[in-house]
>>> print(open('coords-v2.cif').read())   # mmCIF, C-alpha atoms
data_query
#
loop_
_atom_site.group_PDB
_atom_site.id
_atom_site.type_symbol
_atom_site.label_atom_id
_atom_site.label_comp_id
_atom_site.auth_asym_id
_atom_site.auth_seq_id
_atom_site.Cartn_x
_atom_site.Cartn_y
_atom_site.Cartn_z
ATOM 1 C CA MET A 908 -2.511 -22.052 -18.121
ATOM 2 C CA GLU A 909 -3.047 -24.183 -15.071
ATOM 3 C CA ARG A 910 -0.218 -26.484 -15.982
ATOM 4 C CA LEU A 911 2.416 -23.892 -16.710
ATOM 5 C CA SER A 912 5.501 -24.362 -14.608
ATOM 6 C CA ILE A 913 8.800 -22.690 -14.045
ATOM 7 C CA HIS A 914 10.446 -25.091 -16.498
ATOM 8 C CA ASP A 915 8.334 -24.028 -19.444
ATOM 9 C CA PRO A 916 10.044 -21.778 -21.940
ATOM 10 C CA PRO A 917 8.675 -18.243 -22.008
ATOM 11 C CA PRO A 918 6.311 -17.562 -24.888
ATOM 12 C CA ALA A 919 7.734 -16.171 -28.103
ATOM 13 C CA ALA A 920 8.266 -12.421 -28.043
ATOM 14 C CA ALA A 921 6.080 -11.927 -31.087
ATOM 15 C CA GLN A 922 3.178 -13.688 -29.440
ATOM 16 C CA GLN A 923 3.535 -11.527 -26.397
ATOM 17 C CA SER A 924 3.462 -8.227 -28.208
ATOM 18 C CA GLN A 925 0.253 -9.300 -29.883
ATOM 19 C CA GLN A 926 -1.413 -9.990 -26.575
ATOM 20 C CA GLN A 927 -0.367 -6.896 -24.727
ATOM 21 C CA PRO A 928 -1.203 -3.344 -25.628
ATOM 22 C CA PRO A 929 1.992 -1.416 -26.329
ATOM 23 C CA GLN A 930 1.551 0.971 -23.421
ATOM 24 C CA GLN A 931 1.435 -1.808 -20.886
ATOM 25 C CA GLN A 932 4.550 -3.335 -22.316
ATOM 26 C CA GLN A 933 6.405 -0.107 -21.886
ATOM 27 C CA GLN A 934 5.452 -0.010 -18.230
ATOM 28 C CA ASN A 935 6.882 -3.469 -17.791
ATOM 29 C CA LEU A 936 10.257 -2.516 -19.134
ATOM 30 C CA GLY A 937 11.700 -0.729 -16.131
ATOM 31 C CA PRO A 938 11.188 -3.180 -13.307
ATOM 32 C CA ALA A 939 11.613 -6.158 -15.606
ATOM 33 C CA SER A 940 15.317 -5.440 -15.793
ATOM 34 C CA MET A 941 15.465 -6.122 -12.079
ATOM 35 C CA VAL A 942 13.662 -9.407 -12.519
ATOM 36 C CA THR A 943 15.970 -10.800 -15.151
ATOM 37 C CA GLN A 944 18.839 -10.865 -12.695
ATOM 38 C CA GLY A 945 16.993 -13.260 -10.406
ATOM 39 C CA PRO A 946 16.132 -16.931 -10.774
ATOM 40 C CA PRO A 947 14.100 -18.076 -13.791
ATOM 41 C CA GLN A 948 10.636 -16.583 -13.830
ATOM 42 C CA LEU A 949 7.247 -18.027 -14.588
ATOM 43 C CA PRO A 950 5.759 -16.887 -17.879
ATOM 44 C CA PRO A 951 4.047 -13.481 -17.616
ATOM 45 C CA GLN A 952 0.571 -14.784 -18.356
ATOM 46 C CA MET A 953 0.672 -16.594 -15.017
ATOM 47 C CA PHE A 954 0.605 -13.241 -13.280
ATOM 48 C CA THR A 955 -2.849 -11.989 -14.115
ATOM 49 C CA THR A 956 -6.029 -12.020 -12.095
ATOM 50 C CA ALA A 957 -7.516 -14.234 -14.780
ATOM 51 C CA ALA A 958 -4.816 -16.890 -14.397
ATOM 52 C CA GLN A 959 -5.234 -16.901 -10.639
ATOM 53 C CA LEU A 960 -8.988 -17.356 -10.823
ATOM 54 C CA LEU A 961 -8.893 -19.836 -13.684
ATOM 55 C CA ASP A 962 -7.446 -22.468 -11.343
ATOM 56 C CA LEU A 963 -10.375 -21.979 -8.979
ATOM 57 C CA THR A 964 -13.120 -22.187 -11.593
ATOM 58 C CA ASP A 965 -15.685 -24.969 -11.086
ATOM 59 C CA LYS A 966 -14.234 -25.705 -7.652
ATOM 60 C CA LYS A 967 -15.997 -25.568 -4.335
ATOM 61 C CA LEU A 968 -14.889 -22.418 -2.573
ATOM 62 C CA VAL A 969 -15.473 -20.425 0.525
ATOM 63 C CA LEU A 970 -15.877 -16.753 -0.273
ATOM 64 C CA VAL A 971 -15.435 -14.259 2.534
ATOM 65 C CA LEU A 972 -16.985 -10.873 1.909
ATOM 66 C CA ARG A 973 -15.980 -7.549 3.365
ATOM 67 C CA ASP A 974 -19.073 -7.472 5.569
ATOM 68 C CA GLY A 975 -18.001 -10.759 7.162
ATOM 69 C CA ARG A 976 -20.367 -13.050 5.325
ATOM 70 C CA LYS A 977 -19.105 -16.489 4.372
ATOM 71 C CA LEU A 978 -20.492 -18.068 1.246
ATOM 72 C CA VAL A 979 -19.757 -21.614 0.158
ATOM 73 C CA GLY A 980 -20.401 -22.383 -3.482
ATOM 74 C CA VAL A 981 -19.006 -23.381 -6.832
ATOM 75 C CA LEU A 982 -17.192 -20.666 -8.785
ATOM 76 C CA ARG A 983 -18.616 -20.572 -12.297
ATOM 77 C CA SER A 984 -17.453 -17.277 -13.757
ATOM 78 C CA TRP A 985 -15.358 -14.184 -13.019
ATOM 79 C CA ASP A 986 -13.594 -11.261 -14.650
ATOM 80 C CA GLN A 987 -10.448 -9.208 -14.190
ATOM 81 C CA PHE A 988 -11.908 -7.253 -11.243
ATOM 82 C CA ALA A 989 -12.683 -10.470 -9.367
ATOM 83 C CA ASN A 990 -16.393 -9.973 -9.928
ATOM 84 C CA LEU A 991 -17.623 -13.504 -9.323
ATOM 85 C CA VAL A 992 -20.511 -15.845 -10.070
ATOM 86 C CA LEU A 993 -21.126 -18.602 -7.542
ATOM 87 C CA GLN A 994 -23.561 -21.444 -8.042
ATOM 88 C CA ASP A 995 -25.360 -23.609 -5.458
ATOM 89 C CA THR A 996 -24.295 -21.174 -2.789
ATOM 90 C CA VAL A 997 -24.861 -21.747 0.882
ATOM 91 C CA GLU A 998 -24.372 -18.960 3.387
ATOM 92 C CA ARG A 999 -22.614 -20.245 6.476
ATOM 93 C CA LEU A 1000 -23.304 -18.389 9.672
ATOM 94 C CA TYR A 1001 -20.874 -18.712 12.564
ATOM 95 C CA ALA A 1002 -21.520 -17.628 16.129
ATOM 96 C CA GLY A 1003 -19.706 -18.776 19.228
ATOM 97 C CA SER A 1004 -19.143 -22.500 18.800
ATOM 98 C CA LEU A 1005 -22.110 -22.967 16.488
ATOM 99 C CA TYR A 1006 -22.715 -22.714 12.788
ATOM 100 C CA ALA A 1007 -25.689 -22.932 10.464
ATOM 101 C CA ASP A 1008 -26.132 -23.250 6.711
ATOM 102 C CA ILE A 1009 -28.690 -21.286 4.736
ATOM 103 C CA PRO A 1010 -29.264 -22.314 1.095
ATOM 104 C CA ARG A 1011 -29.065 -19.218 -1.107
ATOM 105 C CA GLY A 1012 -28.603 -20.176 -4.759
ATOM 106 C CA ILE A 1013 -26.721 -18.136 -7.332
ATOM 107 C CA PHE A 1014 -24.626 -15.141 -6.336
ATOM 108 C CA ILE A 1015 -23.082 -12.447 -8.495
ATOM 109 C CA VAL A 1016 -20.588 -10.655 -6.303
ATOM 110 C CA ARG A 1017 -18.999 -7.323 -7.138
ATOM 111 C CA GLY A 1018 -15.228 -7.638 -6.848
ATOM 112 C CA GLU A 1019 -14.689 -4.831 -4.362
ATOM 113 C CA ASN A 1020 -16.599 -6.790 -1.725
ATOM 114 C CA VAL A 1021 -14.375 -9.843 -1.961
ATOM 115 C CA LEU A 1022 -11.963 -10.404 0.889
ATOM 116 C CA LEU A 1023 -10.693 -13.824 0.033
ATOM 117 C CA LEU A 1024 -11.570 -16.942 -1.861
ATOM 118 C CA GLY A 1025 -10.451 -20.236 -0.395
ATOM 119 C CA GLU A 1026 -10.510 -23.557 -2.184
ATOM 120 C CA ILE A 1027 -12.045 -26.192 0.049
ATOM 121 C CA ASP A 1028 -10.025 -29.365 0.425
ATOM 122 C CA LEU A 1029 -12.707 -31.941 -0.313
ATOM 123 C CA ASP A 1030 -10.857 -34.553 1.756
ATOM 124 C CA ARG A 1031 -10.988 -32.370 4.828
ATOM 125 C CA GLU A 1032 -14.313 -30.729 4.146
ATOM 126 C CA ASP A 1033 -16.284 -32.791 6.643
ATOM 127 C CA ASP A 1034 -13.692 -32.515 9.416
ATOM 128 C CA VAL A 1035 -15.434 -29.745 11.252
ATOM 129 C CA PRO A 1036 -13.216 -28.478 14.093
ATOM 130 C CA PRO A 1037 -14.170 -30.448 17.228
ATOM 131 C CA ASN A 1038 -15.229 -27.353 19.135
ATOM 132 C CA ILE A 1039 -17.748 -26.307 16.465
ATOM 133 C CA GLN A 1040 -21.246 -27.736 16.087
ATOM 134 C CA GLN A 1041 -24.037 -27.350 13.614
ATOM 135 C CA ALA A 1042 -27.186 -25.842 15.063
ATOM 136 C CA PRO A 1043 -30.574 -24.619 13.827
ATOM 137 C CA PHE A 1044 -30.419 -21.356 11.924
ATOM 138 C CA GLU A 1045 -32.638 -19.418 14.343
ATOM 139 C CA GLU A 1046 -30.403 -20.248 17.272
ATOM 140 C CA VAL A 1047 -27.183 -19.291 15.505
ATOM 141 C CA TYR A 1048 -28.699 -16.137 14.082
ATOM 142 C CA ALA A 1049 -29.861 -14.938 17.489
ATOM 143 C CA LEU A 1050 -26.436 -15.620 18.985
ATOM 144 C CA LYS A 1051 -24.712 -13.876 16.105
ATOM 145 C CA LYS A 1052 -26.885 -10.815 16.469
ATOM 146 C CA LYS A 1053 -25.959 -10.624 20.114
ATOM 147 C CA GLU A 1054 -22.246 -11.048 19.364
ATOM 148 C CA ASP A 1055 -22.377 -8.398 16.647
ATOM 149 C CA SER A 1056 -24.019 -5.832 18.873
ATOM 150 C CA GLU A 1057 -21.465 -6.543 21.623
ATOM 151 C CA ARG A 1058 -18.641 -6.081 19.159
ATOM 152 C CA GLN A 1059 -20.168 -2.888 17.864
ATOM 153 C CA THR A 1060 -20.291 -1.488 21.379
ATOM 154 C CA SER A 1061 -16.683 -2.396 22.120
ATOM 155 C CA ASP A 1062 -15.497 -1.082 18.742
ATOM 156 C CA LYS A 1063 -17.262 2.190 19.380
ATOM 157 C CA LYS A 1064 -15.618 2.472 22.781
ATOM 158 C CA ARG A 1065 -12.192 1.731 21.372
ATOM 159 C CA HIS A 1066 -12.727 4.157 18.522
ATOM 160 C CA GLY A 1067 -13.676 6.838 21.043
ATOM 161 C CA ASN A 1068 -10.595 6.175 23.151
ATOM 162 C CA LEU A 1069 -8.339 6.277 20.106
ATOM 163 C CA GLN A 1070 -9.839 9.513 18.942
ATOM 164 C CA LYS A 1071 -9.193 11.105 22.334
ATOM 165 C CA LEU A 1072 -5.527 10.231 21.826
ATOM 166 C CA GLY A 1073 -5.554 11.771 18.386
ATOM 167 C CA PHE A 1074 -5.709 8.561 16.351
ATOM 168 C CA GLU A 1075 -8.097 7.971 13.538
ATOM 169 C CA ALA A 1076 -9.400 4.400 13.638
ATOM 170 C CA GLU A 1077 -7.821 2.277 10.965
ATOM 171 C CA HIS A 1078 -10.682 1.566 8.628
ATOM 172 C CA SER A 1079 -13.225 4.016 9.869
ATOM 173 C CA GLY A 1080 -14.383 4.665 6.323
ATOM 174 C CA GLU A 1081 -15.374 1.094 5.608
ATOM 175 C CA THR A 1082 -16.512 -1.903 7.542
ATOM 176 C CA LEU A 1083 -14.234 -4.890 7.539
ATOM 177 C CA LEU A 1084 -15.216 -7.901 9.556
ATOM 178 C CA PHE A 1085 -14.045 -11.471 9.479
ATOM 179 C CA MET B 1102 4.773 -1.931 -11.273
ATOM 180 C CA LEU B 1103 7.844 -2.263 -9.071
ATOM 181 C CA PHE B 1104 6.188 -4.165 -6.257
ATOM 182 C CA PHE B 1105 4.434 -6.371 -8.748
ATOM 183 C CA SER B 1106 7.836 -7.367 -10.138
ATOM 184 C CA PHE B 1107 9.243 -7.660 -6.651
ATOM 185 C CA PHE B 1108 6.522 -10.060 -5.534
ATOM 186 C CA LYS B 1109 7.027 -12.056 -8.702
ATOM 187 C CA THR B 1110 10.604 -12.736 -7.593
ATOM 188 C CA LEU B 1111 9.216 -14.113 -4.326
ATOM 189 C CA THR B 1112 7.014 -16.805 -5.845
ATOM 190 C CA ASN B 1113 7.310 -20.207 -4.147
ATOM 191 C CA GLN B 1114 8.546 -18.594 -0.933
ATOM 192 C CA THR B 1115 6.706 -18.973 2.333
ATOM 193 C CA VAL B 1116 5.123 -15.697 3.362
ATOM 194 C CA THR B 1117 2.754 -14.590 6.098
ATOM 195 C CA ILE B 1118 -0.035 -12.242 5.122
ATOM 196 C CA GLU B 1119 -1.945 -10.141 7.582
ATOM 197 C CA LEU B 1120 -5.305 -8.922 6.385
ATOM 198 C CA LYS B 1121 -7.003 -5.714 7.415
ATOM 199 C CA ASN B 1122 -9.363 -7.744 9.578
ATOM 200 C CA ASP B 1123 -6.385 -9.153 11.546
ATOM 201 C CA ILE B 1124 -6.421 -12.671 10.078
ATOM 202 C CA ARG B 1125 -2.894 -13.916 9.567
ATOM 203 C CA ILE B 1126 -2.269 -16.558 6.949
ATOM 204 C CA ARG B 1127 0.976 -18.317 6.212
ATOM 205 C CA GLY B 1128 1.435 -20.064 2.909
ATOM 206 C CA THR B 1129 3.481 -20.518 -0.217
ATOM 207 C CA LEU B 1130 3.223 -17.523 -2.515
ATOM 208 C CA LYS B 1131 2.049 -18.985 -5.801
ATOM 209 C CA SER B 1132 1.111 -15.982 -7.832
ATOM 210 C CA VAL B 1133 0.537 -12.260 -7.752
ATOM 211 C CA ASP B 1134 -1.085 -9.920 -10.253
ATOM 212 C CA GLN B 1135 -1.055 -6.234 -11.091
ATOM 213 C CA TYR B 1136 -3.454 -5.369 -8.231
ATOM 214 C CA LEU B 1137 -1.232 -7.353 -5.863
ATOM 215 C CA ASN B 1138 -3.947 -9.942 -5.471
ATOM 216 C CA ILE B 1139 -2.155 -12.916 -4.030
ATOM 217 C CA LYS B 1140 -2.551 -16.622 -4.407
ATOM 218 C CA LEU B 1141 -1.329 -18.822 -1.560
ATOM 219 C CA ASP B 1142 -0.870 -22.589 -1.467
ATOM 220 C CA ASP B 1143 -0.721 -24.916 1.547
ATOM 221 C CA VAL B 1144 -2.220 -22.276 3.756
ATOM 222 C CA ASP B 1145 -1.943 -22.291 7.485
ATOM 223 C CA VAL B 1146 -4.178 -19.865 9.323
ATOM 224 C CA LEU B 1147 -2.727 -18.546 12.562
ATOM 225 C CA ASP B 1148 -5.227 -18.570 15.396
ATOM 226 C CA LEU B 1149 -7.474 -20.931 13.423
ATOM 227 C CA ASP B 1150 -9.864 -21.351 16.370
ATOM 228 C CA LYS B 1151 -11.134 -17.853 15.721
ATOM 229 C CA TYR B 1152 -11.715 -18.454 12.017
ATOM 230 C CA PRO B 1153 -13.373 -21.882 11.710
ATOM 231 C CA HIS B 1154 -14.562 -21.157 8.165
ATOM 232 C CA LEU B 1155 -10.964 -21.440 6.963
ATOM 233 C CA SER B 1156 -10.286 -24.822 8.550
ATOM 234 C CA SER B 1157 -10.628 -26.926 5.388
ATOM 235 C CA VAL B 1158 -9.107 -24.431 2.978
ATOM 236 C CA LYS B 1159 -5.962 -25.588 1.207
ATOM 237 C CA ASN B 1160 -5.210 -22.678 -1.087
ATOM 238 C CA MET B 1161 -6.639 -19.227 -1.418
ATOM 239 C CA PHE B 1162 -6.921 -16.102 -3.495
ATOM 240 C CA ILE B 1163 -6.619 -12.920 -1.465
ATOM 241 C CA ARG B 1164 -7.743 -9.620 -2.899
ATOM 242 C CA GLY B 1165 -4.881 -7.134 -2.820
ATOM 243 C CA SER B 1166 -7.034 -4.365 -1.395
ATOM 244 C CA VAL B 1167 -7.578 -6.174 1.928
ATOM 245 C CA VAL B 1168 -3.943 -6.961 2.664
ATOM 246 C CA ARG B 1169 -2.324 -5.020 5.485
ATOM 247 C CA TYR B 1170 1.119 -6.616 5.629
ATOM 248 C CA VAL B 1171 3.064 -9.247 3.776
ATOM 249 C CA MET B 1172 5.816 -10.708 5.918
ATOM 250 C CA LEU B 1173 8.684 -12.012 3.819
ATOM 251 C CA PRO B 1174 11.644 -14.274 4.489
ATOM 252 C CA ARG B 1175 14.525 -11.892 5.211
ATOM 253 C CA SER B 1176 17.037 -13.997 3.279
ATOM 254 C CA GLU B 1177 15.034 -13.702 0.063
ATOM 255 C CA VAL B 1178 14.968 -9.921 -0.070
ATOM 256 C CA ASP B 1179 17.917 -8.249 -1.731
ATOM 257 C CA VAL B 1180 17.546 -4.832 -0.163
ATOM 258 C CA GLY B 1181 20.324 -3.301 -2.288
ATOM 259 C CA LEU B 1182 18.697 -4.463 -5.492
ATOM 260 C CA LEU B 1183 15.334 -3.222 -4.317
ATOM 261 C CA GLU B 1184 16.777 0.188 -3.458
ATOM 262 C CA ASP B 1185 18.355 0.436 -6.896
ATOM 263 C CA ALA B 1186 15.125 -0.532 -8.578
ATOM 264 C CA THR B 1187 13.229 2.033 -6.504
ATOM 265 C CA ARG B 1188 15.624 4.800 -7.564
ATOM 266 C CA ARG B 1189 15.388 3.728 -11.176
ATOM 267 C CA GLU B 1190 11.595 3.724 -10.994
ATOM 268 C CA ALA B 1191 11.618 7.171 -9.368
ATOM 269 C CA ALA B 1192 13.960 8.460 -12.065
ATOM 270 C CA ASN B 1193 11.656 7.024 -14.731
ATOM 271 C CA GLN B 1194 8.655 8.689 -13.149
ATOM 272 C CA ALA B 1195 10.487 12.032 -12.963
ATOM 273 C CA GLY B 1196 11.483 11.621 -16.610
ATOM 274 C CA LYS B 1197 7.893 10.993 -17.592
ATOM 275 C CA ALA B 1198 6.618 14.007 -15.672
ATOM 276 C CA ARG B 1199 8.975 16.349 -17.537
#
>>> encode(input="coords-v2.cif", output="structure tokens")
Amino acid sequence: MERLSIHDPPPAAAQQSQQQPPQQQQQNLGPASMVTQGPPQLPPQMFTTAAQLLDLTDKKLVLVLRDGRKLVGVLRSWDQFANLVLQDTVERLYAGSLYADIPRGIFIVRGENVLLLGEIDLDREDDVPPNIQQAPFEEVYALKKKEDSERQTSDKKRHGNLQKLGFEAEHSGETLLF
Amino acid sequence: MLFFSFFKTLTNQTVTIELKNDIRIRGTLKSVDQYLNIKLDDVDVLDLDKYPHLSSVKNMFIRGSVVRYVMLPRSEVDVGLLEDATRREAANQAGKAR
């Protein structure tokens, strides 16, 4: 699936109907008529979560979670909800201009907590931005805690101000950090 | 399914995605799926200084649920066609409900 390109012929219709449940096919019918007027399309099996994650399997990735954690590890398994298994995972803590690595091991991550998965360019992996330095974990952790509490205070203040104006803060129901 | 089909027509275009945590990422749209999860190639993170963890990332998978905006090249969007498709989809939905 990785090597499929726009020049490949679409799969035979018979093959397709075997793969897809009939209901799903029916749903595809409406909008598909719009698609056929455009340029040639990639085969439909390219457009599944599975196909997207297949390319990333066994690669070194950075996984950013909804709570702001950054995990660096090798993607070993996944499913259609983007539930993930990462091996040899290292948690990377960033604070100010410092970072620290904490070895963690194997992670099974529930899909809803995934923000993004980035493939690390192994050629550029060691080019840490010049303004960032590695530091001992304790130091980075202390700095991060301080930064987090400062951000919490300012977020609270902003939230309060917005509420006075009649706005509900954007994602007040869930935490989303970076 | 309309926006799924719509994004499929935009594959290989350069788009800018803003996430709900304010990160903006420009890249080539490689793939999209039914949840509007998006795969980007040759990514370029705007304001990279603030997000050092993305500095050596070349392509990424973004979960659809954390996307706030997708900024598209104006020339690649056929608004008329999209309007038609929207009406057709709405008509289909109304037909189903009856």
>>> atom_distance(input="coords-v2.cif", atom1="atom CA of Phe1104 of chain B", atom2="atom CA of Tyr1136 of chain B")
9.9 Å
>>> closest_residue(input="coords-v2.cif", among="A:Lys966, A:Arg1011, A:Arg1031, A:Lys1052", to="chain B", atoms="only C-alpha atoms")
A:Arg1031
>>> atom_distance(input="coords-v2.cif", atom1="atom CA of Glu998 of chain A", atom2="atom CA of Arg976 of chain A")
7.4 Å
>>> residues_around(input="coords-v2.cif", residues="Phe1044 of chain A", least_positions_apart="6", cutoff="9 Å", atoms="all atoms listed in the file", output="NGL selection string")
:A and (1000 or 1006-1009)
>>> atom_distance(input="coords-v2.cif", atom1="atom CA of Phe988 of chain A", atom2="atom CA of Val1146 of chain B")
25.3 Å
>>> resolve_selection(input="coords-v2.cif", expression="the PyMOL selection byres ((chain A and resi 1050) around 12)", output="PyMOL selection string")
chain A and resi 1000-1007+1042-1049+1051-1057
>>> resolve_selection(input="coords-v2.cif", expression="the PyMOL selection byres ((chain B) within 6 of (chain A))", output="PyMOL selection string")
chain B and resi 1103+1122+1133-1134+1157-1164
>>> closest_residue(input="coords-v2.cif", among="B:Val1168, B:Thr1112, B:Asn1193, B:Thr1117", to="Asn1138 of chain B", atoms="all atoms listed in the file")
B:Val1168
>>> closest_residue(input="coords-v2.cif", among="A:Arg983, A:Pro1037, A:Arg1058, A:Lys1063", to="Ser1156 of chain B", atoms="all atoms listed in the file")
A:Pro1037
>>> closest_residue(input="coords-v2.cif", among="B:Pro1174, B:Gly1128, B:Gly1196, B:Gly1181", to="Leu1111 of chain B", atoms="only C-alpha atoms")
B:Pro1174
>>> residues_around(input="coords-v2.cif", residues="Asn990 of chain A", least_positions_apart="4", cutoff="7 Å", atoms="only C-alpha atoms", output="PyMOL selection string")
chain A and resi 985-986+1016-1018
>>> axis_aligned_box(input="coords-v2.cif", around="segment 1123-1129 of chain B", padding_each_side="5 Å", output="lines of an AutoDock Vina configuration file")
center_x = -1.5
center_y = -14.8
center_z = 5.7
size_x = 19.9
size_y = 21.4
size_z = 21.8
>>> residues_around(input="coords-v2.cif", residues="Leu1149 of chain B", least_positions_apart="4", cutoff="10 Å", atoms="all atoms listed in the file", output="JSON, numbers by chain")
{"A": [1036], "B": [1124, 1125, 1126, 1145, 1153, 1154, 1155, 1156]}
>>> residues_around(input="coords-v2.cif", residues="Asn1113 of chain B", least_positions_apart="2", cutoff="7 Å", atoms="only C-alpha atoms", output="PyMOL selection string")
chain B and resi 1111+1115+1129-1131
